[in-house]
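Shown below: model-v9.cif, with mmCIF, C-alpha atoms.
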```cif
data_work
#
loop_
_atom_site.label_atom_id
_atom_site.label_comp_id
_atom_site.auth_asym_id
_atom_site.auth_seq_id
_atom_site.Cartn_x
_atom_site.Cartn_y
_atom_site.Cartn_z
CA MET G 999 7.07 1.64 -16.29
CA LYS G 1000 3.59 2.96 -15.43
CA HIS G 1001 2.90 4.03 -11.83
CA LEU G 1002 6.50 3.18 -11.12
CA SER G 1003 6.96 1.45 -7.79
CA ALA G 1004 4.46 3.53 -5.88
CA TRP G 1005 2.20 0.52 -5.75
CA ALA G 1006 4.49 -2.09 -7.26
CA ALA G 1007 3.28 -4.69 -4.83
CA GLY G 1008 -0.15 -3.41 -4.03
CA ILE G 1009 -2.01 -1.56 -6.76
CA GLY G 1010 -1.91 -1.39 -10.51
CA LEU G 1011 1.28 -3.34 -11.35
CA ALA G 1012 1.29 -7.04 -12.14
CA ALA G 1013 5.06 -7.43 -12.16
CA LEU G 1014 8.18 -6.71 -10.18
CA VAL G 1015 9.45 -3.17 -10.54
CA SER G 1016 13.03 -2.20 -9.80
CA ILE G 1017 14.35 1.14 -10.98
CA SER G 1018 17.76 2.59 -11.50
CA ALA G 1019 17.18 6.13 -10.26
CA PRO G 1020 19.90 6.71 -7.63
CA ALA G 1021 18.63 7.14 -4.09
CA LEU G 1022 21.98 7.13 -2.33
CA ALA G 1023 25.44 6.59 -3.73
CA GLY G 1024 25.71 3.02 -5.00
CA GLU G 1025 22.01 2.28 -4.46
CA GLU G 1026 18.91 2.19 -6.61
CA MET G 1027 15.31 2.68 -5.60
CA ALA G 1028 13.19 -0.46 -5.60
CA GLY G 1029 9.51 -1.37 -5.46
CA GLU G 1030 9.48 -5.14 -5.60
CA ARG G 1031 6.25 -7.09 -5.51
CA ILE G 1032 5.54 -8.51 -2.02
CA HIS G 1033 3.16 -11.47 -1.78
CA SER G 1034 1.97 -13.77 1.01
CA SER G 1035 0.45 -17.18 0.31
CA LEU G 1036 -2.41 -16.34 2.70
CA PRO G 1037 -3.50 -12.91 3.99
CA LEU G 1038 -1.31 -12.04 6.97
CA TYR G 1039 -3.92 -9.84 8.66
CA THR G 1040 -7.56 -10.60 9.44
CA PHE G 1041 -10.14 -8.91 11.65
CA ASP G 1042 -8.44 -10.29 14.76
CA TRP G 1043 -5.85 -7.53 14.15
CA GLU G 1044 -7.27 -4.39 15.79
CA GLN G 1045 -5.48 -1.97 13.47
CA MET G 1046 -6.93 -3.22 10.18
CA TRP G 1047 -9.29 -0.84 8.37
CA PRO G 1048 -12.07 -0.55 7.37
CA ARG G 1049 -13.73 -2.71 10.00
CA SER G 1050 -17.21 -3.11 11.46
CA PHE G 1051 -18.63 -1.20 14.43
CA SER G 1052 -21.88 -1.13 16.38
CA SER G 1053 -23.14 1.43 18.88
CA GLY G 1054 -26.71 1.29 20.07
CA ASP G 1055 -28.89 1.25 16.96
CA GLU G 1056 -26.00 2.25 14.71
CA PHE G 1057 -23.74 -0.18 12.87
CA GLY G 1058 -21.63 -0.27 9.76
CA CYS G 1059 -18.00 0.06 8.66
CA THR G 1060 -15.52 2.60 9.93
CA SER G 1061 -11.99 3.49 8.85
CA ARG G 1062 -9.07 5.52 10.17
CA VAL G 1063 -7.99 6.05 6.56
CA GLN G 1064 -10.19 8.49 4.67
CA PHE G 1065 -12.04 7.35 1.58
CA GLY G 1066 -11.84 9.40 -1.61
CA ASP G 1067 -9.40 10.16 -4.42
CA TRP G 1068 -5.69 10.06 -3.60
CA ARG G 1069 -2.77 11.31 -5.70
CA PHE G 1070 0.66 9.71 -5.73
CA THR G 1071 3.56 12.15 -6.24
CA PRO G 1072 7.01 10.61 -6.72
CA SER G 1073 10.02 11.82 -4.74
CA PRO G 1074 12.47 14.06 -6.64
CA ASN G 1075 15.07 11.26 -6.65
CA ASN G 1076 12.51 8.76 -8.00
CA SER G 1077 13.19 9.89 -11.56
CA PHE G 1078 11.21 7.07 -13.17
CA GLY G 1079 8.21 7.46 -10.89
CA GLU G 1080 4.98 8.77 -12.40
CA GLN G 1081 2.13 10.65 -10.78
CA HIS G 1082 -1.08 8.63 -10.74
CA TRP G 1083 -4.38 8.38 -8.90
CA GLU G 1084 -6.05 5.96 -6.50
CA ARG G 1085 -9.66 5.85 -5.36
CA PHE G 1086 -10.57 4.21 -2.06
CA THR G 1087 -14.24 3.63 -1.23
CA ASN G 1088 -16.13 1.48 1.26
CA TYR G 1089 -17.47 -1.88 0.12
CA GLY G 1090 -20.63 -2.05 2.23
CA VAL G 1091 -22.34 -1.95 5.62
CA PHE G 1092 -22.31 -5.59 6.73
CA HIS G 1093 -19.06 -6.74 5.11
CA CYS G 1094 -16.19 -4.29 5.41
CA SER G 1095 -13.42 -3.81 2.86
CA ALA G 1096 -11.89 -1.00 0.83
CA ILE G 1097 -12.63 -0.92 -2.89
CA MET G 1098 -9.48 0.25 -4.70
CA ARG G 1099 -9.10 1.65 -8.20
CA THR G 1100 -5.99 2.95 -10.00
CA ALA G 1101 -5.68 5.23 -13.05
CA ASP G 1102 -3.17 7.51 -14.78
CA GLU G 1103 -5.56 10.44 -14.48
CA GLN G 1104 -8.25 11.22 -11.93
CA SER G 1105 -10.86 11.18 -14.69
CA GLY G 1106 -10.04 7.53 -15.41
CA LEU G 1107 -10.96 6.29 -11.93
CA ASP G 1108 -14.65 5.91 -12.73
CA GLU G 1109 -13.95 3.16 -15.28
CA ALA G 1110 -10.92 1.58 -13.60
CA GLN G 1111 -11.03 -2.05 -12.53
CA SER G 1112 -11.81 -2.50 -8.83
CA GLU G 1113 -9.96 -4.64 -6.30
CA TYR G 1114 -10.45 -5.19 -2.58
CA GLY G 1115 -8.24 -4.84 0.46
CA PHE G 1116 -7.43 -3.17 3.76
CA PHE G 1117 -5.13 -0.64 5.37
CA VAL G 1118 -3.13 -2.25 8.20
CA GLN G 1119 -0.98 -0.58 10.83
CA LEU G 1120 1.90 -3.03 11.25
CA GLY G 1121 3.59 -1.36 14.20
CA THR G 1122 5.86 1.58 14.96
CA ALA G 1123 9.50 2.55 14.53
CA ARG G 1124 11.85 5.44 15.18
CA ALA G 1125 13.75 7.20 12.40
CA ALA G 1126 15.62 10.52 12.35
CA GLY G 1127 14.66 11.09 15.98
CA ALA G 1128 10.91 10.78 15.33
CA GLU G 1129 8.28 8.13 15.96
CA TRP G 1130 6.59 6.66 12.88
CA GLU G 1131 3.58 4.45 12.30
CA LEU G 1132 4.31 1.67 9.81
CA TRP G 1133 1.41 0.71 7.56
CA ALA G 1134 0.71 -1.54 4.61
CA LEU G 1135 -1.99 -1.82 2.05
CA GLN G 1136 -3.07 -5.48 2.02
CA LYS G 1137 -4.73 -6.26 -1.33
CA GLY G 1138 -6.55 -9.43 -2.28
CA PHE G 1139 -7.68 -12.59 -0.54
CA ASN G 1140 -7.18 -15.66 -2.73
CA PRO G 1141 -4.57 -16.85 -3.54
CA GLY G 1142 -3.00 -14.76 -0.79
CA SER G 1143 -2.40 -11.02 -0.59
CA GLU G 1144 -0.01 -8.40 -1.90
CA TYR G 1145 1.46 -5.56 0.12
CA THR G 1146 2.46 -1.94 -0.34
CA LEU G 1147 4.57 -0.49 2.50
CA LEU G 1148 3.59 2.91 3.87
CA ALA G 1149 4.49 5.13 6.83
CA ARG G 1150 3.23 8.26 8.58
CA GLU G 1151 4.02 10.43 11.56
CA PRO G 1152 1.27 9.74 14.10
CA ASP G 1153 -1.47 12.19 14.98
CA SER G 1154 -5.06 11.91 16.12
CA ALA G 1155 -6.67 13.02 12.86
CA GLU G 1156 -8.23 10.76 10.26
CA ILE G 1157 -5.49 9.66 7.90
CA ASP G 1158 -5.23 11.43 4.54
CA ARG G 1159 -1.51 11.12 3.75
CA PHE G 1160 1.23 8.47 3.70
CA ILE G 1161 4.79 8.29 2.51
CA VAL G 1162 5.33 5.30 0.20
CA LEU G 1163 8.33 3.22 1.22
CA GLN G 1164 10.71 1.35 -1.00
CA GLN G 1165 10.25 -2.42 -1.22
CA ARG G 1166 13.66 -4.07 -1.35
CA CYS G 1167 13.31 -7.82 -0.94
CA PRO G 1168 15.74 -9.75 1.32
CA SER G 1169 17.72 -12.20 -0.81
CA GLY G 1170 16.36 -15.24 1.01
CA SER G 1171 12.76 -14.27 0.24
CA LYS G 1172 13.03 -13.87 -3.54
CA LEU G 1173 11.24 -16.42 -5.70
CA GLU G 1174 11.71 -16.65 -9.46
CA ALA G 1175 11.17 -19.16 -12.26
CA LYS G 1176 13.96 -19.20 -14.84
CA GLY G 1177 13.66 -19.63 -18.59
CA PHE G 1178 10.82 -17.21 -19.38
CA ASP G 1179 12.67 -14.83 -21.70
CA ILE G 1180 11.50 -11.28 -20.86
CA TRP G 1181 8.52 -12.39 -18.75
CA VAL G 1182 8.90 -11.50 -15.08
CA THR G 1183 8.11 -14.16 -12.47
CA ARG G 1184 10.19 -12.85 -9.58
CA TYR G 1185 8.52 -11.64 -6.40
CA CYS G 1186 9.20 -11.30 -2.68
CA ALA G 1187 7.60 -14.03 -0.57
CA VAL G 1188 6.77 -12.78 2.93
CA ASN G 1189 4.63 -15.16 4.97
CA SER G 1190 4.58 -13.82 8.53
CA ARG G 1191 3.64 -10.59 10.25
CA SER G 1192 7.05 -10.39 11.91
CA GLU G 1193 8.81 -10.61 8.52
CA LEU G 1194 6.68 -7.85 7.06
CA LEU G 1195 7.20 -5.58 10.07
CA SER G 1196 10.97 -6.18 10.00
CA LEU G 1197 11.12 -5.37 6.29
CA SER G 1198 9.04 -2.23 6.79
CA ARG G 1199 11.38 -0.98 9.51
CA LYS G 1200 14.36 -1.45 7.21
CA MET G 1201 12.61 0.38 4.37
CA LEU G 1202 11.83 3.35 6.62
CA ALA G 1203 15.57 4.04 6.76
CA LEU G 1204 15.73 4.44 2.95
CA PRO G 1205 14.62 7.39 0.80
CA PRO G 1206 10.89 6.98 0.06
CA LEU G 1207 9.39 6.39 -3.37
CA GLY G 1208 7.00 9.29 -2.89
CA VAL G 1209 3.89 10.52 -1.13
CA ILE G 1210 0.25 9.60 -1.54
CA GLU G 1211 -2.40 11.96 -0.19
CA ARG G 1212 -6.11 12.51 -0.42
CA VAL G 1213 -7.22 15.33 -2.69
CA VAL G 1214 -10.37 17.16 -1.65
CA LYS G 1215 -12.54 18.12 -4.59
CA ALA G 1216 -13.15 21.83 -4.96
CA GLU G 1217 -16.72 22.95 -4.33
#
```

This entry written out as structure tokens:
Amino acid sequence: MKHLSAWAAGIGLAALVSISAPALAGEEMAGERIHSSLPLYTFDWEQMWPRSFSSGDEFGCTSRVQFGDWRFTPSPNNSFGEQHWERFTNYGVFHCSAIMRTADEQSGLDEAQSEYGFFVQLGTARAAGAEWELWALQKGFNPGSEYTLLAREPDSAEIDRFIVLQQRCPSGSKLEAKGFDIWVTRYCAVNSRSELLSLSRKMLALPPLGVIERVVKAE
């Protein structure tokens, strides 16, 4: 149950994760794998980062989400969740993407396998009397992309912290091949932006899986 559900759909886990730690009475926390057959967001979506910029003689890639090493800390009621580390760096100058690495310990990030993706602001929602930005990490290009649902309270600063939402798949979106013994094939098929936004808004109402935040290295 490594990196339990923090990035069940987006980083580090190749299978569905659903855990039995109680979130509310009669409920269990869930981090099901979310996959789209094609990437839902491209550079025509203004709130997808990193993305290219040009100003006078300057050009390159810019991001609202800070690059660096990030630590996931599970919520107290996510009793099977495990702390782990993510590293987000910029791919290049002409072609923009985030390079993503996952490891149990920060020291393991240097040798961790790299993958590519983007941070996408899906929209907004209100919860507990506050306004929230709803985000997702969109990972991969072909065949399709996988998603990790995130949220934050808006401010003007560069982003260095998200809460990690549960990922509880609607029954009509679950796909699974039977007859594979212990091998997991089940995942949540979401193939439109409106579906993903709707699911994210529902997940915001549930207890989160944890928090992921950038850790600044000591000088």

For stretch 1134-1180 of chain G against stretch 1111-1117 of chain G, with a cut-off of 6 Å and counting all atoms listed in the file, what is the closest atom pair and its distance in Å to one decimal for every residue that makes the cut, ordered by chain and number, as a Markdown table?
```
| residue | atom | partner | partner_atom | distance |
| --- | --- | --- | --- | --- |
| G:Ala1134 | CA | G:Phe1117 | CA | 6.0 |
| G:Leu1135 | CA | G:Phe1117 | CA | 4.7 |
| G:Gln1136 | CA | G:Phe1116 | CA | 5.2 |
| G:Lys1137 | CA | G:Gly1115 | CA | 4.2 |
| G:Gly1138 | CA | G:Gly1115 | CA | 5.6 |
```

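The interatomic distance for the pair atom CA of G:Ile1210 and atom CA of G:Ser1192 works out to 25.0 Å.
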
Applying 12 Å and all atoms listed in the file, which residues near G:Phe1065 remain after dropping the ones on its own chain fewer than 3 positions away? List them as an mmCIF file with C-alpha atoms, in the frame of the given file.
```cif
data_model
loop_
_atom_site.group_PDB
_atom_site.id
_atom_site.type_symbol
_atom_site.label_atom_id
_atom_site.label_comp_id
_atom_site.auth_asym_id
_atom_site.auth_seq_id
_atom_site.Cartn_x
_atom_site.Cartn_y
_atom_site.Cartn_z
ATOM 1 C CA TRP G 1047 -9.290 -0.840 8.370
ATOM 2 C CA PRO G 1048 -12.070 -0.550 7.370
ATOM 3 C CA CYS G 1059 -18.000 0.060 8.660
ATOM 4 C CA THR G 1060 -15.520 2.600 9.930
ATOM 5 C CA SER G 1061 -11.990 3.490 8.850
ATOM 6 C CA ARG G 1062 -9.070 5.520 10.170
ATOM 7 C CA TRP G 1068 -5.690 10.060 -3.600
ATOM 8 C CA GLU G 1084 -6.050 5.960 -6.500
ATOM 9 C CA ARG G 1085 -9.660 5.850 -5.360
ATOM 10 C CA PHE G 1086 -10.570 4.210 -2.060
ATOM 11 C CA THR G 1087 -14.240 3.630 -1.230
ATOM 12 C CA ASN G 1088 -16.130 1.480 1.260
ATOM 13 C CA TYR G 1089 -17.470 -1.880 0.120
ATOM 14 C CA SER G 1095 -13.420 -3.810 2.860
ATOM 15 C CA ALA G 1096 -11.890 -1.000 0.830
ATOM 16 C CA ILE G 1097 -12.630 -0.920 -2.890
ATOM 17 C CA MET G 1098 -9.480 0.250 -4.700
ATOM 18 C CA ARG G 1099 -9.100 1.650 -8.200
ATOM 19 C CA PHE G 1116 -7.430 -3.170 3.760
ATOM 20 C CA PHE G 1117 -5.130 -0.640 5.370
ATOM 21 C CA GLU G 1156 -8.230 10.760 10.260
ATOM 22 C CA ILE G 1157 -5.490 9.660 7.900
ATOM 23 C CA ASP G 1158 -5.230 11.430 4.540
ATOM 24 C CA ARG G 1159 -1.510 11.120 3.750
ATOM 25 C CA GLU G 1211 -2.400 11.960 -0.190
ATOM 26 C CA ARG G 1212 -6.110 12.510 -0.420
ATOM 27 C CA VAL G 1213 -7.220 15.330 -2.690
ATOM 28 C CA VAL G 1214 -10.370 17.160 -1.650
#
```

Restricting the calculation to only C-alpha atoms: of G:Ser1169, G:Cys1094, G:Trp1133, G:Ala1101, which residue gets closest to G:Thr1040?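 Of the candidates, the smallest distance to G:Thr1040 is held by G:Cys1094.
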
Using only C-alpha atoms, which residue out of G:Arg1069, G:His1093, G:Arg1184, G:Arg1166 lies closest to G:Val1209? G:Arg1069

Identify which of the residues G:Cys1186, G:Leu1207, G:Leu1163, G:Leu1107 lies closest to G:Glu1144, counting all atoms listed in the file when measuring atom-to-atom distances.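 Between G:Cys1186, G:Leu1207, G:Leu1163, G:Leu1107, the residue approaching G:Glu1144 most closely is G:Cys1186.
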
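Residues selected in this file by the PyMOL selection byres ((chain G and resi 1043) around 12) comprise Pro1037, Leu1038, Tyr1039, Thr1040, Phe1041, Asp1042, Glu1044, Gln1045, Met1046, Trp1047, Pro1048, Arg1049, Phe1116, Phe1117, Val1118, Gln1119, Leu1120, Gly1121 and Arg1191 of chain G.
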
Of G:Asn1189, G:Ser1077, G:Gln1104, G:Thr1183, the one nearest to G:Leu1036 when counting only C-alpha atoms is G:Asn1189

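If you look at atom CA of G:His1082 and atom CA of G:Leu1148, they are 16.4 Å away from each other.
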
Rounded to one decimal place, report the atom CA of G:Trp1130-atom CA of G:Cys1167 distance in Å.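 A separation of 21.1 Å between them.
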
Report as a ChimeraX atom specification all protein, DNA and RNA residues lying within 12 Å of G:Glu1056, evaluated on all atoms listed in the file, omitting residues in the same chain fewer than 4 positions from it. /G:1050-1052,1060,1091-1092

Using only C-alpha atoms, pick whichever of G:Pro1152, G:Gly1058, G:Gly1177, G:Gly1208 has the shortest atom-to-atom distance to G:Thr1122. G:Pro1152

Picked residues, the PyMOL selection byres ((chain G and resi 1081) around 6), expected as a PyMOL selection string: chain G and resi 1070-1071+1080+1082

Determine the residue membership of the PyMOL selection byres ((chain G and resi 1206) around 12) for the file above and supply it as a count of residues only. 38
